[in-house]
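Novice: Got a file for you: query_32.pdb, PDB, C-alpha atoms and all ligand atoms.
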ATOM      1  CA  MET A  92      26.130 -82.364  44.542
ATOM      2  CA  ILE A  93      28.666 -79.897  45.885
ATOM      3  CA  ALA A  94      27.910 -77.823  48.989
ATOM      4  CA  GLY A  95      24.194 -78.564  48.569
ATOM      5  CA  HIS A  96      24.105 -77.575  44.903
ATOM      6  CA  GLU A  97      23.355 -79.910  42.058
ATOM      7  CA  LEU A  98      25.939 -79.513  39.313
ATOM      8  CA  LYS A  99      23.683 -78.907  36.338
ATOM      9  CA  PRO A 100      25.240 -77.982  32.974
ATOM     10  CA  GLY A 101      25.264 -74.236  32.378
ATOM     11  CA  LYS A 102      24.913 -73.217  36.028
ATOM     12  CA  ASN A 103      27.041 -70.539  37.660
ATOM     13  CA  ILE A 104      26.495 -70.389  41.430
ATOM     14  CA  THR A 105      27.990 -68.127  44.092
ATOM     15  CA  ASP A 106      27.354 -69.127  47.694
ATOM     16  CA  HIS A 107      29.056 -69.794  51.012
ATOM     17  CA  VAL A 108      29.341 -72.733  53.391
ATOM     18  CA  HIS A 109      28.996 -72.377  57.137
ATOM     19  CA  VAL A 110      31.640 -74.278  59.115
ATOM     20  CA  GLU A 111      29.745 -76.182  61.768
ATOM     21  CA  GLY A 112      30.440 -75.210  65.376
ATOM     22  CA  THR A 113      32.115 -71.912  64.375
ATOM     23  CA  GLU A 114      31.232 -68.430  63.143
ATOM     24  CA  LEU A 115      33.134 -69.091  59.899
ATOM     25  CA  HIS A 116      31.619 -68.875  56.423
ATOM     26  CA  VAL A 117      33.552 -69.831  53.310
ATOM     27  CA  PRO A 118      32.688 -68.266  49.946
ATOM     28  CA  HIS A 119      32.790 -70.349  46.773
ATOM     29  CA  VAL A 120      31.817 -70.264  43.119
ATOM     30  CA  LEU A 121      30.641 -73.288  41.119
ATOM     31  CA  ILE A 122      30.825 -73.074  37.339
ATOM     32  CA  CYS A 123      29.221 -76.002  35.545
ATOM     33  CA  GLY A 124      30.338 -76.438  31.954
ATOM     34  CA  LYS A 125      27.855 -77.263  29.237
ATOM     35  CA  ASN A 126      29.759 -80.446  28.392
ATOM     36  CA  GLU A 127      30.891 -83.432  30.449
ATOM     37  CA  GLY A 128      34.340 -83.394  31.993
ATOM     38  CA  PRO A 129      36.322 -83.538  35.218
ATOM     39  CA  THR A 130      35.592 -81.474  38.312
ATOM     40  CA  VAL A 131      38.513 -79.186  39.113
ATOM     41  CA  LEU A 132      38.874 -77.462  42.465
ATOM     42  CA  ILE A 133      40.873 -74.251  42.858
ATOM     43  CA  THR A 134      41.496 -72.925  46.359
ATOM     44  CA  ALA A 135      43.271 -69.750  47.449
ATOM     45  CA  GLY A 136      43.699 -67.945  50.739
ATOM     46  CA  ILE A 137      44.464 -71.048  52.789
ATOM     47  CA  HIS A 138      47.276 -68.683  53.711
ATOM     48  CA  ASN A 139      45.263 -65.505  53.961
ATOM     49  CA  ALA A 140      48.140 -63.036  53.511
ATOM     50  CA  GLU A 141      49.132 -64.563  50.160
ATOM     51  CA  TYR A 142      47.133 -62.049  48.208
ATOM     52  CA  VAL A 143      48.222 -62.871  44.647
ATOM     53  CA  GLY A 144      46.380 -66.197  44.592
ATOM     54  CA  ILE A 145      43.282 -64.730  46.242
ATOM     55  CA  GLN A 146      43.036 -61.970  43.647
ATOM     56  CA  ALA A 147      43.688 -64.447  40.814
ATOM     57  CA  ALA A 148      40.960 -66.787  42.100
ATOM     58  CA  ILE A 149      38.450 -63.913  42.253
ATOM     59  CA  GLU A 150      39.321 -62.848  38.708
ATOM     60  CA  LEU A 151      39.181 -66.424  37.423
ATOM     61  CA  SER A 152      35.743 -66.904  38.951
ATOM     62  CA  ASN A 153      34.542 -63.960  36.837
ATOM     63  CA  GLU A 154      36.389 -65.122  33.759
ATOM     64  CA  PHE A 155      35.212 -68.735  33.407
ATOM     65  CA  GLU A 156      31.902 -69.137  31.590
ATOM     66  CA  PRO A 157      29.865 -72.367  31.456
ATOM     67  CA  ASP A 158      29.862 -72.182  27.634
ATOM     68  CA  ASP A 159      33.645 -72.286  27.539
ATOM     69  CA  ILE A 160      34.436 -75.199  29.832
ATOM     70  CA  ASN A 161      34.038 -78.956  29.957
ATOM     71  CA  GLY A 162      33.185 -80.360  33.380
ATOM     72  CA  ASN A 163      32.970 -78.257  36.518
ATOM     73  CA  ILE A 164      35.215 -75.676  38.114
ATOM     74  CA  ILE A 165      34.874 -74.997  41.829
ATOM     75  CA  ILE A 166      36.652 -71.919  43.151
ATOM     76  CA  VAL A 167      37.180 -71.180  46.850
ATOM     77  CA  PRO A 168      38.892 -67.787  46.592
ATOM     78  CA  LEU A 169      39.406 -67.114  50.295
ATOM     79  CA  ALA A 170      39.553 -70.211  52.486
ATOM     80  CA  ASN A 171      40.805 -68.472  55.636
ATOM     81  CA  ARG A 172      38.441 -65.543  55.670
ATOM     82  CA  SER A 173      38.711 -64.689  59.379
ATOM     83  CA  GLY A 174      42.513 -64.480  59.089
ATOM     84  CA  PHE A 175      42.107 -62.160  56.107
ATOM     85  CA  GLU A 176      39.573 -59.901  57.816
ATOM     86  CA  ASN A 177      41.655 -59.687  60.985
ATOM     87  CA  ARG A 178      44.939 -59.336  59.090
ATOM     88  CA  THR A 179      46.813 -62.254  60.628
ATOM     89  CA  MET A 180      49.954 -63.425  58.856
ATOM     90  CA  SER A 181      48.508 -66.643  57.459
ATOM     91  CA  THR A 182      46.955 -68.210  60.518
ATOM     92  CA  VAL A 183      43.327 -68.740  61.411
ATOM     93  CA  TYR A 184      42.384 -65.785  63.603
ATOM     94  CA  GLU A 185      40.382 -67.650  66.242
ATOM     95  CA  ASP A 186      42.930 -70.326  67.196
ATOM     96  CA  GLY A 187      46.219 -69.148  65.682
ATOM     97  CA  LYS A 188      46.730 -72.381  63.712
ATOM     98  CA  ASN A 189      48.281 -72.668  60.261
ATOM     99  CA  LEU A 190      45.418 -74.084  58.190
ATOM    100  CA  ASN A 191      47.826 -75.788  55.810
ATOM    101  CA  ARG A 192      49.182 -77.980  58.590
ATOM    102  CA  VAL A 193      45.935 -79.478  59.868
ATOM    103  CA  PHE A 194      44.370 -81.243  56.864
ATOM    104  CA  PRO A 195      42.241 -83.338  56.690
ATOM    105  CA  GLY A 196      40.993 -81.537  59.774
ATOM    106  CA  ASN A 197      38.848 -82.597  62.686
ATOM    107  CA  PRO A 198      35.106 -81.912  63.095
ATOM    108  CA  ASP A 199      35.559 -81.801  66.880
ATOM    109  CA  GLY A 200      38.646 -79.575  66.952
ATOM    110  CA  SER A 201      39.139 -75.806  67.042
ATOM    111  CA  GLU A 202      38.270 -73.418  64.183
ATOM    112  CA  ALA A 203      41.168 -74.318  61.861
ATOM    113  CA  ASP A 204      40.564 -78.059  62.340
ATOM    114  CA  ARG A 205      36.867 -77.684  61.615
ATOM    115  CA  LEU A 206      37.522 -75.449  58.605
ATOM    116  CA  ALA A 207      40.000 -77.969  57.141
ATOM    117  CA  HIS A 208      37.512 -80.770  57.741
ATOM    118  CA  MET A 209      34.770 -78.884  55.903
ATOM    119  CA  LEU A 210      37.082 -78.015  52.976
ATOM    120  CA  PHE A 211      38.185 -81.624  52.739
ATOM    121  CA  GLU A 212      34.759 -83.229  53.016
ATOM    122  CA  ILE A 213      32.775 -80.814  50.855
ATOM    123  CA  PHE A 214      35.242 -79.633  48.234
ATOM    124  CA  ILE A 215      38.518 -81.599  48.045
ATOM    125  CA  LYS A 216      36.946 -85.056  48.235
ATOM    126  CA  ASN A 217      34.561 -84.264  45.417
ATOM    127  CA  ALA A 218      37.172 -83.015  42.938
ATOM    128  CA  ASP A 219      39.017 -84.980  40.270
ATOM    129  CA  ALA A 220      41.852 -82.465  40.261
ATOM    130  CA  TYR A 221      42.969 -79.922  42.792
ATOM    131  CA  ILE A 222      44.966 -76.721  42.303
ATOM    132  CA  ASP A 223      45.959 -74.795  45.441
ATOM    133  CA  LEU A 224      47.214 -71.239  44.930
ATOM    134  CA  HIS A 225      49.953 -69.804  47.139
ATOM    135  CA  SER A 226      52.449 -66.970  46.819
ATOM    136  CA  GLY A 227      54.836 -64.970  48.942
ATOM    137  CA  GLU A 228      52.964 -63.667  51.989
ATOM    138  CA  GLY A 229      53.254 -60.215  53.514
ATOM    139  CA  TYR A 230      56.976 -59.533  53.547
ATOM    140  CA  GLU A 231      58.084 -62.552  51.445
ATOM    141  CA  ASN A 232      59.520 -62.233  47.955
ATOM    142  CA  LEU A 233      59.295 -65.666  46.366
ATOM    143  CA  ILE A 234      60.736 -67.085  43.186
ATOM    144  CA  PRO A 235      57.766 -68.734  41.426
ATOM    145  CA  TYR A 236      57.656 -72.517  41.535
ATOM    146  CA  ALA A 237      55.174 -75.364  41.423
ATOM    147  CA  TYR A 238      54.772 -78.440  43.584
ATOM    148  CA  TYR A 239      53.464 -81.728  42.303
ATOM    149  CA  LEU A 240      52.829 -84.996  44.069
ATOM    150  CA  GLY A 241      56.036 -86.950  43.991
ATOM    151  CA  ASP A 242      55.215 -90.447  45.118
ATOM    152  CA  SER A 243      51.676 -91.354  44.278
ATOM    153  CA  PRO A 244      49.547 -93.154  41.675
ATOM    154  CA  VAL A 245      48.897 -89.704  40.188
ATOM    155  CA  THR A 246      52.473 -88.432  40.094
ATOM    156  CA  GLU A 247      52.687 -88.643  36.304
ATOM    157  CA  ALA A 248      49.326 -86.949  35.775
ATOM    158  CA  SER A 249      50.172 -84.280  38.329
ATOM    159  CA  LYS A 250      53.500 -83.589  36.592
ATOM    160  CA  LYS A 251      51.767 -83.358  33.207
ATOM    161  CA  MET A 252      49.388 -80.759  34.622
ATOM    162  CA  ILE A 253      52.181 -78.492  35.795
ATOM    163  CA  ASP A 254      54.487 -79.013  32.818
ATOM    164  CA  CYS A 255      52.545 -76.306  31.011
ATOM    165  CA  VAL A 256      53.438 -73.764  33.702
ATOM    166  CA  ASN A 257      56.471 -71.821  32.586
ATOM    167  CA  THR A 258      58.379 -71.618  35.845
ATOM    168  CA  GLU A 259      62.034 -72.300  36.499
ATOM    169  CA  TYR A 260      61.501 -74.616  39.463
ATOM    170  CA  TYR A 261      59.277 -77.657  39.955
ATOM    171  CA  VAL A 262      59.258 -79.436  43.305
ATOM    172  CA  ARG A 263      58.555 -83.157  43.414
ATOM    173  CA  SER A 264      57.050 -83.285  46.879
ATOM    174  CA  CYS A 265      56.996 -86.542  48.813
ATOM    175  CA  CYS A 266      55.555 -84.934  51.927
ATOM    176  CA  CYS A 267      52.156 -86.480  52.579
ATOM    177  CA  THR A 268      50.800 -84.924  55.753
ATOM    178  CA  GLY A 269      49.100 -81.752  56.872
ATOM    179  CA  GLY A 270      48.825 -79.654  53.729
ATOM    180  CA  ALA A 271      45.698 -79.298  51.641
ATOM    181  CA  TYR A 272      47.363 -80.382  48.419
ATOM    182  CA  ASN A 273      49.020 -83.514  49.735
ATOM    183  CA  ILE A 274      46.444 -84.879  52.116
ATOM    184  CA  ARG A 275      44.735 -86.829  49.366
ATOM    185  CA  PHE A 276      47.922 -88.722  48.731
ATOM    186  CA  LYS A 277      46.127 -91.994  49.289
ATOM    187  CA  PHE A 278      43.348 -91.246  46.840
ATOM    188  CA  ILE A 279      43.493 -91.566  43.068
ATOM    189  CA  HIS A 280      43.248 -87.896  42.229
ATOM    190  CA  TYR A 281      45.471 -85.128  40.996
ATOM    191  CA  PHE A 282      47.122 -82.310  42.852
ATOM    192  CA  ILE A 283      49.310 -79.427  42.093
ATOM    193  CA  TYR A 284      50.344 -76.515  44.189
ATOM    194  CA  LEU A 285      51.419 -73.353  42.452
ATOM    195  CA  LEU A 286      53.487 -70.472  43.602
ATOM    196  CA  ALA A 287      53.572 -68.138  40.662
ATOM    197  CA  GLU A 288      52.570 -64.661  39.714
ATOM    198  CA  HIS A 289      51.081 -65.745  36.426
ATOM    199  CA  PHE A 290      48.039 -67.591  37.640
ATOM    200  CA  LEU A 291      45.652 -65.967  35.203
ATOM    201  CA  ILE A 292      47.660 -67.196  32.241
ATOM    202  CA  TYR A 293      48.492 -70.657  33.492
ATOM    203  CA  ILE A 294      45.465 -71.911  35.390
ATOM    204  CA  PRO A 295      43.294 -72.345  32.277
ATOM    205  CA  LEU A 296      46.205 -74.207  30.651
ATOM    206  CA  VAL A 297      46.669 -76.457  33.660
ATOM    207  CA  ILE A 298      42.946 -77.223  33.708
ATOM    208  CA  SER A 299      43.102 -78.206  30.044
ATOM    209  CA  HIS A 300      45.705 -80.822  31.023
ATOM    210  CA  VAL A 301      43.547 -82.548  33.634
ATOM    211  CA  PRO A 302      43.205 -86.174  32.498
ATOM    212  CA  VAL A 303      39.660 -87.224  31.624
TER     213      VAL A 303
HETATM  214 ZN    ZN B   1      51.064 -70.515  51.397
END
Spell out the structure here as structure tokens.
Ligand SMILES: [Zn+2]

Specialist:
Amino acid sequence: MIAGHELKPGKNITDHVHVEGTELHVPHVLICGKNEGPTVLITAGIHNAEYVGIQAAIELSNEFEPDDINGNIIIVPLANRSGFENRTMSTVYEDGKNLNRVFPGNPDGSEADRLAHMLFEIFIKNADAYIDLHSGEGYENLIPYAYYLGDSPVTEASKKMIDCVNTEYYVRSCCCTGGAYNIRFKFIHYFIYLLAEHFLIYIPLVISHVPV
């Protein structure tokens, strides 16, 4: 079960989750492959002004078909929706917090804390692999690169997943607090964090390298 939906082979579900104690609703798409396999989570818009990842996630959610995939793909294309709608520069509109600094969140905190808690409990915890899409925001011009977990039981698997991304820089990250991609440091799962403008080409490749 993910967000109240049973993951039945062949299903393609679009829905949203309400963040308890707030006015926030988070859209998501669940694509359940016809065959068994890992559950891969893709999030974008944790930084709401990083539009490349958001657009890529929307396009990917239309591109993946249950017939073509093994396992499940969960896509959260716009995690910080209120920041997006109110045009903040990558903070949650209601409390001004950077969502990527408050994971795993707090169910009793302000909007960003509650949103992080929901994302962690409902989506991140239930995935075997996690890909978080970022890019330059607003005025930033970034050189594409990819993070992978640098000091964890899944470091090797995480590195294998991003080795198929053709980018000049890879960052072995040993930071283990606050961000969505690194908060599961203590769990046996896989994380990568991409900053690239070629998401549509590379994400399917990365997914095909998720260990089973
Ligand atoms: Zn970002």

Novice: Could you give me the residues within 9 Å of ligand ZN 1 (chain B), counting only C-alpha atoms and all ligand atoms, as a count of residues only?

Specialist: 16

Novice: Report, as AutoDock Vina command-line options, the axis-aligned box around all atoms of segment 227-246 of chain A present in the file, extended by 6 Å on each side; give centre and edge lengths in Å to one decimal place.

Specialist:
--center_x 54.8 --center_y -76.3 --center_z 46.8 --size_x 23.8 --size_y 45.6 --size_z 25.5

Novice: So how far away is atom CA of Asn161 of chain A from atom CA of Glu127 of chain A, in Å?

Specialist: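 We find that atom CA of Glu127 of chain A and atom CA of Asn161 of chain A lie 5.5 Å from each other.
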
Novice: Show me the residues around (48.8, -73.4, 59.2) - criterion: an atom at most 10 Å away, all atoms listed in the file counted - as a PDB file with C-alpha atoms, keeping the file's coordinate frame.

Specialist:
ATOM      1  CA  ILE A 137      44.464 -71.048  52.789  1.00  0.00           C
ATOM      2  CA  HIS A 138      47.276 -68.683  53.711  1.00  0.00           C
ATOM      3  CA  SER A 181      48.508 -66.643  57.459  1.00  0.00           C
ATOM      4  CA  THR A 182      46.955 -68.210  60.518  1.00  0.00           C
ATOM      5  CA  VAL A 183      43.327 -68.740  61.411  1.00  0.00           C
ATOM      6  CA  GLY A 187      46.219 -69.148  65.682  1.00  0.00           C
ATOM      7  CA  LYS A 188      46.730 -72.381  63.712  1.00  0.00           C
ATOM      8  CA  ASN A 189      48.281 -72.668  60.261  1.00  0.00           C
ATOM      9  CA  LEU A 190      45.418 -74.084  58.190  1.00  0.00           C
ATOM     10  CA  ASN A 191      47.826 -75.788  55.810  1.00  0.00           C
ATOM     11  CA  ARG A 192      49.182 -77.980  58.590  1.00  0.00           C
ATOM     12  CA  VAL A 193      45.935 -79.478  59.868  1.00  0.00           C
ATOM     13  CA  PHE A 194      44.370 -81.243  56.864  1.00  0.00           C
ATOM     14  CA  ALA A 203      41.168 -74.318  61.861  1.00  0.00           C
ATOM     15  CA  ASP A 204      40.564 -78.059  62.340  1.00  0.00           C
ATOM     16  CA  GLY A 269      49.100 -81.752  56.872  1.00  0.00           C
ATOM     17  CA  GLY A 270      48.825 -79.654  53.729  1.00  0.00           C
TER      18      GLY A 270
END

Novice: Could you list, as a ChimeraX atom specification, every residue within 6 Å of Asn163 of chain A, counting only C-alpha atoms and ignoring same-chain residues fewer than 5 positions away?

Specialist: /A:122-124,130

Novice: Could you check the closest approach to Tyr238 of chain A for each of A:Tyr261, A:Lys125, A:Ala220, A:Val110 and tell me which residue wins, using all atoms listed in the file?

Specialist: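 Under the stated criterion, the closest residue is A:Tyr261.
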
Novice: From the options A:Phe290, A:Phe155, A:Tyr221, A:Val120, which residue's atoms come nearest to Thr258 of chain A, counting all atoms listed in the file?

Specialist: A:Phe290

Novice: Evaluate the PyMOL selection byres (((chain A and resi 282) around 8) and not hetatm) here and jot the selected residues down as a VMD selection string.

Specialist: chain A and resid 220 to 222 239 to 240 249 272 to 273 280 to 281 283 to 284

Novice: Give me the residues near Asn217 of chain A as a list in words, where near means some atom within 10 Å (using all atoms listed in the file) and where sequence neighbours in that chain fewer than 4 positions away do not count.

Specialist: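 Final neighbour list, sorted by chain and number: Met92, Ile93, Ala94, Thr130, Val131, Leu132, Ile165, Phe211, Glu212, Ile213, Tyr221 and His280 of chain A.
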
Novice: What is the atom CA of Lys250 of chain A-atom CA of Tyr293 of chain A distance in Å, reported with one decimal?

Specialist: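 These two atoms are separated by 14.2 Å.
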
Novice: Between A:Ala237, A:Thr268, A:Ile104, A:Ser173, single out the one closest to His289 of chain A, counting only C-alpha atoms.

Specialist: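 Of all the options, A:Ala237 lies closest to His289 of chain A.
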
Novice: Assuming the chain letters and numbering stay as they are in my file, what does the PyMOL selection byres (((chain A and resi 291) around 10) and not hetatm) actually select? List them as a PyMOL selection string.

Specialist: chain A and resi 144+146-148+150-151+154+287-290+292-296
